[in-house]
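Source file: data24.cif. Holds: mmCIF, C-alpha atoms.
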```
data_start
#
loop_
_atom_site.label_atom_id
_atom_site.label_comp_id
_atom_site.auth_asym_id
_atom_site.auth_seq_id
_atom_site.Cartn_x
_atom_site.Cartn_y
_atom_site.Cartn_z
CA MET A 13 57.05 217.31 2.52
CA THR A 14 59.62 218.98 0.25
CA CYS A 15 60.74 217.67 -3.16
CA GLU A 16 64.15 216.75 -1.67
CA GLU A 17 62.47 214.74 1.07
CA LEU A 18 60.23 213.01 -1.43
CA ILE A 19 63.20 211.99 -3.57
CA ALA A 20 64.95 210.65 -0.47
CA TYR A 21 61.88 208.55 0.38
CA LEU A 22 61.08 207.50 -3.19
CA SER A 23 62.37 203.92 -3.08
CA SER A 24 60.89 203.29 0.36
CA TYR A 25 57.54 204.43 -1.04
CA ILE A 26 57.84 202.25 -4.15
CA ASP A 27 58.90 199.22 -2.07
CA HIS A 28 56.06 199.71 0.46
CA GLU A 29 58.48 200.21 3.32
CA MET A 30 56.89 203.38 4.76
CA ASP A 31 54.40 203.87 7.52
CA ALA A 32 50.92 205.09 6.64
CA ALA A 33 51.46 208.67 7.80
CA LEU A 34 54.46 209.17 5.50
CA VAL A 35 52.66 207.44 2.61
CA ALA A 36 49.88 209.98 2.99
CA GLU A 37 52.41 212.83 2.90
CA VAL A 38 54.01 211.43 -0.27
CA GLN A 39 50.65 211.08 -1.95
CA GLU A 40 49.66 214.59 -1.00
CA HIS A 41 52.92 215.94 -2.39
CA ILE A 42 52.74 214.13 -5.74
CA ALA A 43 49.12 215.16 -6.19
CA HIS A 44 50.37 218.76 -6.44
CA CYS A 45 53.95 218.41 -7.75
CA ARG A 46 54.25 217.53 -11.41
CA ASN A 47 58.05 217.02 -11.31
CA CYS A 48 57.98 214.55 -8.43
CA ARG A 49 55.08 212.75 -10.11
CA VAL A 50 57.23 212.31 -13.22
CA VAL A 51 60.19 211.04 -11.19
CA LEU A 52 57.98 208.56 -9.34
CA ASP A 53 56.29 207.35 -12.52
CA THR A 54 59.52 206.98 -14.52
CA THR A 55 61.28 205.17 -11.66
CA GLN A 56 58.37 202.72 -11.43
CA ARG A 57 58.48 202.21 -15.20
CA LEU A 58 62.22 201.54 -14.97
CA ILE A 59 61.62 198.82 -12.37
CA VAL A 60 58.90 197.15 -14.46
CA LEU A 61 61.13 197.37 -17.53
CA VAL A 62 64.11 195.67 -15.92
CA HIS A 63 62.19 193.06 -14.01
CA ASP A 64 61.77 190.82 -17.02
CA GLU A 65 64.69 192.35 -18.81
CA GLY A 66 65.73 190.51 -21.94
CA GLN A 67 68.65 188.18 -21.94
CA ARG A 68 72.02 189.30 -23.07
CA THR A 69 73.06 187.25 -26.04
CA ILE A 70 76.30 185.36 -25.89
CA PRO A 71 78.71 186.90 -28.43
CA ALA A 72 78.17 185.07 -31.74
CA GLY A 73 81.83 184.20 -32.23
CA GLN A 74 81.97 182.34 -28.92
CA ARG A 75 78.69 180.45 -29.03
CA ARG A 76 79.68 177.24 -30.78
CA ALA A 77 82.97 176.72 -28.93
CA LEU A 78 81.26 177.50 -25.64
CA PHE A 79 78.41 175.14 -26.37
CA GLU A 80 80.83 172.35 -27.25
CA ARG A 81 82.95 172.91 -24.12
CA LEU A 82 79.89 172.86 -21.90
CA HIS A 83 78.45 169.83 -23.65
CA ARG A 84 81.73 167.93 -23.29
CA ALA A 85 82.16 168.89 -19.63
CA PHE A 86 78.64 167.72 -18.93
CA LEU A 87 78.95 164.39 -20.67
CA ASN A 88 82.41 163.70 -19.28
CA ARG A 89 81.55 164.43 -15.69
CA PRO A 90 82.85 161.79 -13.31
CA GLN A 91 80.71 158.75 -12.67
CA THR A 92 79.03 158.86 -9.28
CA TRP A 93 77.75 156.09 -7.09
CA ASP A 94 74.15 156.95 -8.05
CA ASP A 95 74.97 156.68 -11.76
CA SER A 96 76.53 153.24 -11.46
CA ASN A 97 73.70 152.14 -9.21
CA ALA A 98 71.09 153.37 -11.70
CA GLN A 99 72.83 151.64 -14.57
CA ALA A 100 73.13 148.42 -12.59
CA SER A 101 69.44 148.41 -11.78
CA GLU A 102 68.60 149.18 -15.41
CA GLY A 103 70.77 146.21 -16.39
CA ASN A 104 68.81 143.97 -14.05
CA THR A 105 65.53 144.78 -15.72
CA VAL A 106 66.69 143.92 -19.26
CA MET B 2 53.42 170.75 -20.54
CA GLY B 3 56.41 170.33 -22.86
CA LEU B 4 59.63 172.30 -22.83
CA HIS B 5 58.98 174.43 -25.88
CA LEU B 6 61.65 176.16 -27.88
CA SER B 7 61.70 179.81 -27.03
CA HIS B 8 63.59 182.81 -28.39
CA GLU B 9 66.57 182.28 -26.11
CA SER B 10 67.28 178.84 -27.53
CA ARG B 11 68.32 180.55 -30.76
CA ALA B 12 71.20 182.11 -28.87
CA MET B 13 73.05 178.81 -28.63
CA PRO B 14 74.06 176.56 -31.54
CA GLY B 15 74.39 172.81 -31.35
CA PRO B 16 72.29 169.99 -32.70
CA THR B 17 68.71 170.72 -33.69
CA ILE B 18 66.67 169.19 -30.94
CA ASP B 19 62.97 169.05 -30.48
CA LEU B 20 62.89 170.11 -26.86
CA THR B 21 59.35 168.79 -26.54
CA ILE B 22 60.84 165.28 -26.43
CA TYR B 23 61.04 166.00 -22.71
CA GLU B 24 57.54 166.23 -21.38
CA ASN B 25 58.59 168.33 -18.41
CA GLU B 26 61.60 169.27 -16.29
CA GLU B 27 61.44 165.96 -14.47
CA ALA B 28 61.85 164.07 -17.76
CA LEU B 29 64.71 166.39 -18.71
CA LEU B 30 66.33 165.75 -15.34
CA THR B 31 66.02 161.99 -15.81
CA GLY B 32 67.71 162.38 -19.21
CA LEU B 33 70.48 164.44 -17.63
CA ARG B 34 71.11 161.87 -14.93
CA ARG B 35 71.36 159.19 -17.61
CA ARG B 36 73.89 161.38 -19.45
CA ASP B 37 71.65 161.57 -22.46
CA PRO B 38 73.50 163.95 -24.87
CA ASP B 39 70.19 165.43 -26.07
CA ALA B 40 69.19 166.27 -22.51
CA CYS B 41 72.52 167.98 -21.94
CA ALA B 42 72.21 169.98 -25.17
CA CYS B 43 68.66 170.88 -24.22
CA LEU B 44 69.73 172.17 -20.79
CA ILE B 45 72.56 174.27 -22.19
CA LYS B 46 70.53 175.71 -25.06
CA ARG B 47 67.69 176.55 -22.79
CA PHE B 48 69.55 178.07 -19.85
CA ALA B 49 73.03 179.22 -20.97
CA PRO B 50 71.82 182.65 -22.18
CA LEU B 51 70.04 183.23 -18.86
CA VAL B 52 73.12 182.27 -16.87
CA TYR B 53 75.45 184.33 -19.06
CA ALA B 54 73.19 187.39 -18.83
CA GLN B 55 73.18 187.27 -15.04
CA ALA B 56 76.96 186.81 -14.86
CA MET B 57 77.53 189.65 -17.32
CA ARG B 58 75.29 192.05 -15.44
CA LEU B 59 76.95 191.32 -12.13
CA LEU B 60 80.54 191.28 -13.39
CA GLY B 61 80.45 193.59 -16.40
CA ASP B 62 83.23 191.59 -18.03
CA ALA B 63 82.69 189.15 -20.91
CA ASP B 64 85.65 186.87 -20.10
CA GLU B 65 84.68 186.53 -16.47
CA ALA B 66 81.04 185.98 -17.44
CA GLU B 67 82.08 183.15 -19.75
CA GLY B 68 84.10 181.64 -16.91
CA VAL B 69 81.06 181.82 -14.63
CA LEU B 70 78.91 180.23 -17.33
CA GLN B 71 81.25 177.26 -17.55
CA GLN B 72 81.65 176.94 -13.79
CA THR B 73 77.89 177.08 -13.33
CA PHE B 74 77.22 174.17 -15.67
CA ILE B 75 80.15 172.15 -14.32
CA LYS B 76 78.93 172.74 -10.76
CA ALA B 77 75.42 171.82 -11.86
CA CYS B 78 76.84 168.53 -13.25
CA ASP B 79 78.45 167.80 -9.91
CA LYS B 80 75.28 168.53 -7.97
CA LEU B 81 72.81 166.95 -10.36
CA ASP B 82 72.45 163.81 -8.32
CA THR B 83 71.56 165.72 -5.18
CA TYR B 84 69.29 168.30 -6.89
CA GLU B 85 65.80 167.76 -5.57
CA GLY B 86 63.92 169.76 -8.17
CA ARG B 87 61.99 171.96 -5.76
CA SER B 88 62.87 175.26 -7.36
CA GLY B 89 62.94 174.47 -11.09
CA LEU B 90 66.09 174.04 -13.13
CA GLY B 91 66.20 177.66 -14.28
CA SER B 92 66.05 179.07 -10.74
CA TRP B 93 68.57 176.52 -9.56
CA LEU B 94 71.08 177.39 -12.30
CA TYR B 95 70.42 181.11 -11.80
CA ARG B 96 71.27 180.75 -8.12
CA ILE B 97 74.46 178.81 -8.81
CA ALA B 98 75.47 181.45 -11.38
CA THR B 99 74.79 184.30 -8.96
CA ASN B 100 76.89 182.66 -6.25
CA GLU B 101 79.72 182.00 -8.71
CA ALA B 102 79.63 185.60 -9.95
CA LEU B 103 79.59 186.98 -6.40
CA MET B 104 82.59 184.82 -5.60
CA HIS B 105 84.40 186.39 -8.58
CA LEU B 106 83.48 189.85 -7.30
CA ARG B 107 84.87 189.07 -3.85
CA GLN B 108 88.14 187.86 -5.38
CA ARG B 109 88.64 191.10 -7.28
CA SER B 110 90.97 193.62 -5.74
CA PRO B 111 88.84 196.31 -4.13
CA ARG B 112 88.34 199.35 -6.33
CA VAL B 113 85.76 201.19 -4.36
CA ASP B 114 85.30 204.91 -4.71
CA LEU B 115 84.04 206.49 -1.49
CA ASP B 116 81.32 208.31 -3.43
CA ASP B 117 80.01 204.95 -4.61
CA VAL B 118 79.32 203.73 -1.08
CA ALA B 119 77.92 206.99 0.27
CA GLU B 120 74.96 206.42 2.53
CA THR B 121 73.06 209.41 1.23
CA ILE B 122 71.99 210.61 -2.20
CA GLN B 123 74.69 212.70 -3.84
CA THR B 124 73.83 216.15 -5.14
CA ASP B 125 74.50 215.09 -8.72
CA GLU B 126 72.10 212.17 -8.28
CA MET B 127 69.07 214.42 -7.75
CA PRO B 128 66.69 214.07 -10.70
CA GLN B 129 67.45 216.50 -13.51
CA ARG B 130 65.43 215.10 -16.40
CA LEU B 131 61.75 215.57 -15.78
CA THR B 132 60.15 214.46 -19.02
CA PRO B 133 57.51 211.73 -18.75
CA TRP B 134 58.19 208.42 -20.50
CA THR B 135 55.46 207.59 -22.93
CA PHE B 136 56.29 203.97 -23.63
CA ASP B 137 54.39 200.98 -22.32
CA PRO B 138 56.90 198.91 -20.29
CA ALA B 139 55.28 195.64 -21.38
CA THR B 140 56.00 196.26 -25.08
CA ALA B 141 59.16 198.29 -24.51
CA ALA B 142 60.82 195.21 -22.99
CA LEU B 143 60.81 193.72 -26.49
CA ASN B 144 62.56 196.74 -28.01
CA SER B 145 66.14 195.63 -28.67
CA GLU B 146 67.53 199.17 -28.94
CA LEU B 147 66.08 200.08 -25.57
CA ARG B 148 67.45 196.87 -24.10
CA THR B 149 70.91 197.76 -25.36
CA VAL B 150 70.61 201.25 -23.86
CA LEU B 151 69.51 199.73 -20.59
CA GLU B 152 72.39 197.24 -20.50
CA GLN B 153 74.86 200.04 -21.27
CA ALA B 154 73.38 202.23 -18.55
CA LEU B 155 73.61 199.34 -16.11
CA ALA B 156 77.21 198.64 -17.10
CA SER B 157 78.09 202.29 -16.48
CA LEU B 158 77.04 202.13 -12.82
CA PRO B 159 79.75 201.62 -10.23
CA GLU B 160 79.98 197.99 -9.17
CA THR B 161 78.74 198.74 -5.63
CA LEU B 162 75.44 200.09 -6.96
CA ARG B 163 75.08 197.76 -9.97
CA VAL B 164 75.35 194.55 -7.99
CA VAL B 165 72.64 195.61 -5.54
CA PHE B 166 70.35 196.73 -8.38
CA VAL B 167 70.81 193.43 -10.25
CA LEU B 168 70.07 191.30 -7.20
CA ARG B 169 67.09 193.39 -6.02
CA ASP B 170 65.32 194.72 -9.11
CA ILE B 171 66.33 192.22 -11.80
CA GLN B 172 66.70 189.01 -9.82
CA GLY B 173 63.97 189.97 -7.35
CA LEU B 174 65.78 189.10 -4.11
CA SER B 175 64.55 190.81 -0.94
CA ALA B 176 66.65 193.47 0.81
CA LYS B 177 67.45 190.88 3.50
CA GLU B 178 68.56 188.24 0.97
CA THR B 179 70.64 190.79 -0.93
CA ALA B 180 72.26 192.00 2.28
CA ALA B 181 73.14 188.41 3.23
CA ALA B 182 74.52 187.63 -0.25
CA LEU B 183 76.76 190.70 -0.23
CA GLY B 184 77.69 190.80 3.45
CA LEU B 185 76.10 194.25 3.83
CA GLY B 186 73.56 195.73 6.22
CA GLU B 187 69.99 196.06 4.95
CA SER B 188 70.12 199.85 5.23
CA ALA B 189 73.19 199.96 2.95
CA VAL B 190 71.35 197.76 0.44
CA LYS B 191 68.35 200.11 0.48
CA VAL B 192 70.44 203.25 -0.01
CA ARG B 193 72.49 201.70 -2.82
CA LEU B 194 69.37 200.42 -4.56
CA HIS B 195 67.81 203.86 -4.37
CA ARG B 196 70.90 205.55 -5.76
CA ALA B 197 71.16 202.98 -8.56
CA ARG B 198 67.51 203.53 -9.52
CA LEU B 199 67.92 207.32 -9.59
CA ARG B 200 71.03 207.09 -11.76
CA LEU B 201 69.47 204.60 -14.18
CA ARG B 202 66.29 206.64 -14.38
CA GLU B 203 68.37 209.66 -15.32
CA LEU B 204 70.35 207.76 -17.96
CA LEU B 205 67.24 206.23 -19.51
CA SER B 206 65.40 209.56 -19.41
CA ALA B 207 68.13 210.99 -21.64
CA TYR B 208 67.36 208.27 -24.19
CA MET B 209 63.59 208.70 -23.83
CA GLN B 210 63.84 212.43 -24.50
CA GLU B 211 65.53 211.75 -27.81
CA HIS B 212 63.04 209.09 -28.94
#
```
Kindly present the structure from the file in structure tokens form.
Amino acid sequence: MTCEELIAYLSSYIDHEMDAALVAEVQEHIAHCRNCRVVLDTTQRLIVLVHDEGQRTIPAGQRRALFERLHRAFLNRPQTWDDSNAQASEGNTV
Amino acid sequence: MGLHLSHESRAMPGPTIDLTIYENEEALLTGLRRRDPDACACLIKRFAPLVYAQAMRLLGDADEAEGVLQQTFIKACDKLDTYEGRSGLGSWLYRIATNEALMHLRQRSPRVDLDDVAETIQTDEMPQRLTPWTFDPATAALNSELRTVLEQALASLPETLRVVFVLRDIQGLSAKETAAALGLGESAVKVRLHRARLRLRELLSAYMQEH
């Protein structure tokens, strides 16, 4: 397997989408090729890093207004049949 | 187990609420269905940053991401009475947000560069930077500078590659699910994911070499 072929197969290898014969060829190649080993290792680190990637913070200037709009929209949502039913049954128990 | 305050709750203002007043998501859901203002504040504080982050990554535009954030919570309000609680509130909101953001993407006028949808790796995408990364991914995830670099690198990807990367490697959807969500074939999803990973690896390697 050449370096170009390994790079082409890299994601399939990482995602376990290769058959056993090709996996063996990849492993044989990276055992002897330092550069491809680095590319494999750094790509795997990238995937681990992004998997639980931190949350983007809402811009500070917008937070309060956004919170209030969301809060209002939530509380003012239209009454549904289930709501009125739930309130009626609560009323019955008092 | 209670709903404990976590770092993301600091991202949203609003009344100071002891989120542990809700013993679990079921109690929070009951509060939401009763229109308890504390339950509503709790839901927004807890999940708005997550929803916004996903919208921002997919759309790369702050105004559109804010629109998706609002639409997600409004849609969640509408569907609250039919939500069965199988997947957890966070996953449920995340899914609504993803669908909303994808709808925005579909409504955009197409601005696709042919190079961005190429089915093979481009010559300039072959790895150039071959320095090992020394960091431990578990602790590096907490490094805010690195996170900023990562978000910037992600934002610099063409939309066709970024969206696939976000759904597959950040959200954790399968190739099949991603293909269905985007109306693509699975092979196109795999090639785009691979190209996105190579480009991001290159961009992050540049940062790693300097630090």
Atom pair atom CA of A:Cys48 / atom CA of B:Ser175: separation (Å) | 25.7 Å
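If you count only C-alpha atoms and ignore residues fewer than 4 places along the chain from A:Leu22, what sits within 10 Å of it is Glu16, Glu17, Leu18, Ile26, Asp27, His28, Met30, Val38, Cys48, Val51, Leu52, Thr55 and Gln56 of chain A; His195, Arg198 and Leu199 of chain B.
Proximity of A:Met13, A:Arg76, A:Asn88, A:His63 to A:Ala36, computed with only C-alpha atoms, is greatest for A:Met13.
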What gap, in Å, lies between atom CA of B:Thr121 and atom CA of A:Val35?
->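 Separating atom CA of B:Thr121 from atom CA of A:Val35 is a distance of 20.5 Å.
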Gap from atom CA of B:Ala40 to atom CA of B:Gly89 - Å, one decimal | 15.4 Å
Name the residues captured by the PyMOL selection byres ((chain B and resi 135) around 10) when it is applied to the shown file; answer as a list in words.
-> Thr54 and Arg57 of chain A; Thr132, Pro133, Trp134, Phe136, Asp137, Pro138, Met209, Gln210 and His212 of chain B
Please provide the set of residues having any atom within 8 Å of B:Glu160, restricted to all atoms listed in the file, with same-chain residues fewer than 3 positions apart removed, written as a VMD selection string.
-> chain B and resid 59 to 60 163 to 164
Nearest candidate to B:Leu194 (options B:Gly91, B:Ala119, B:Leu131, B:Tyr208; using all atoms listed in the file) =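 Selected residue with least distance to B:Leu194: B:Ala119.
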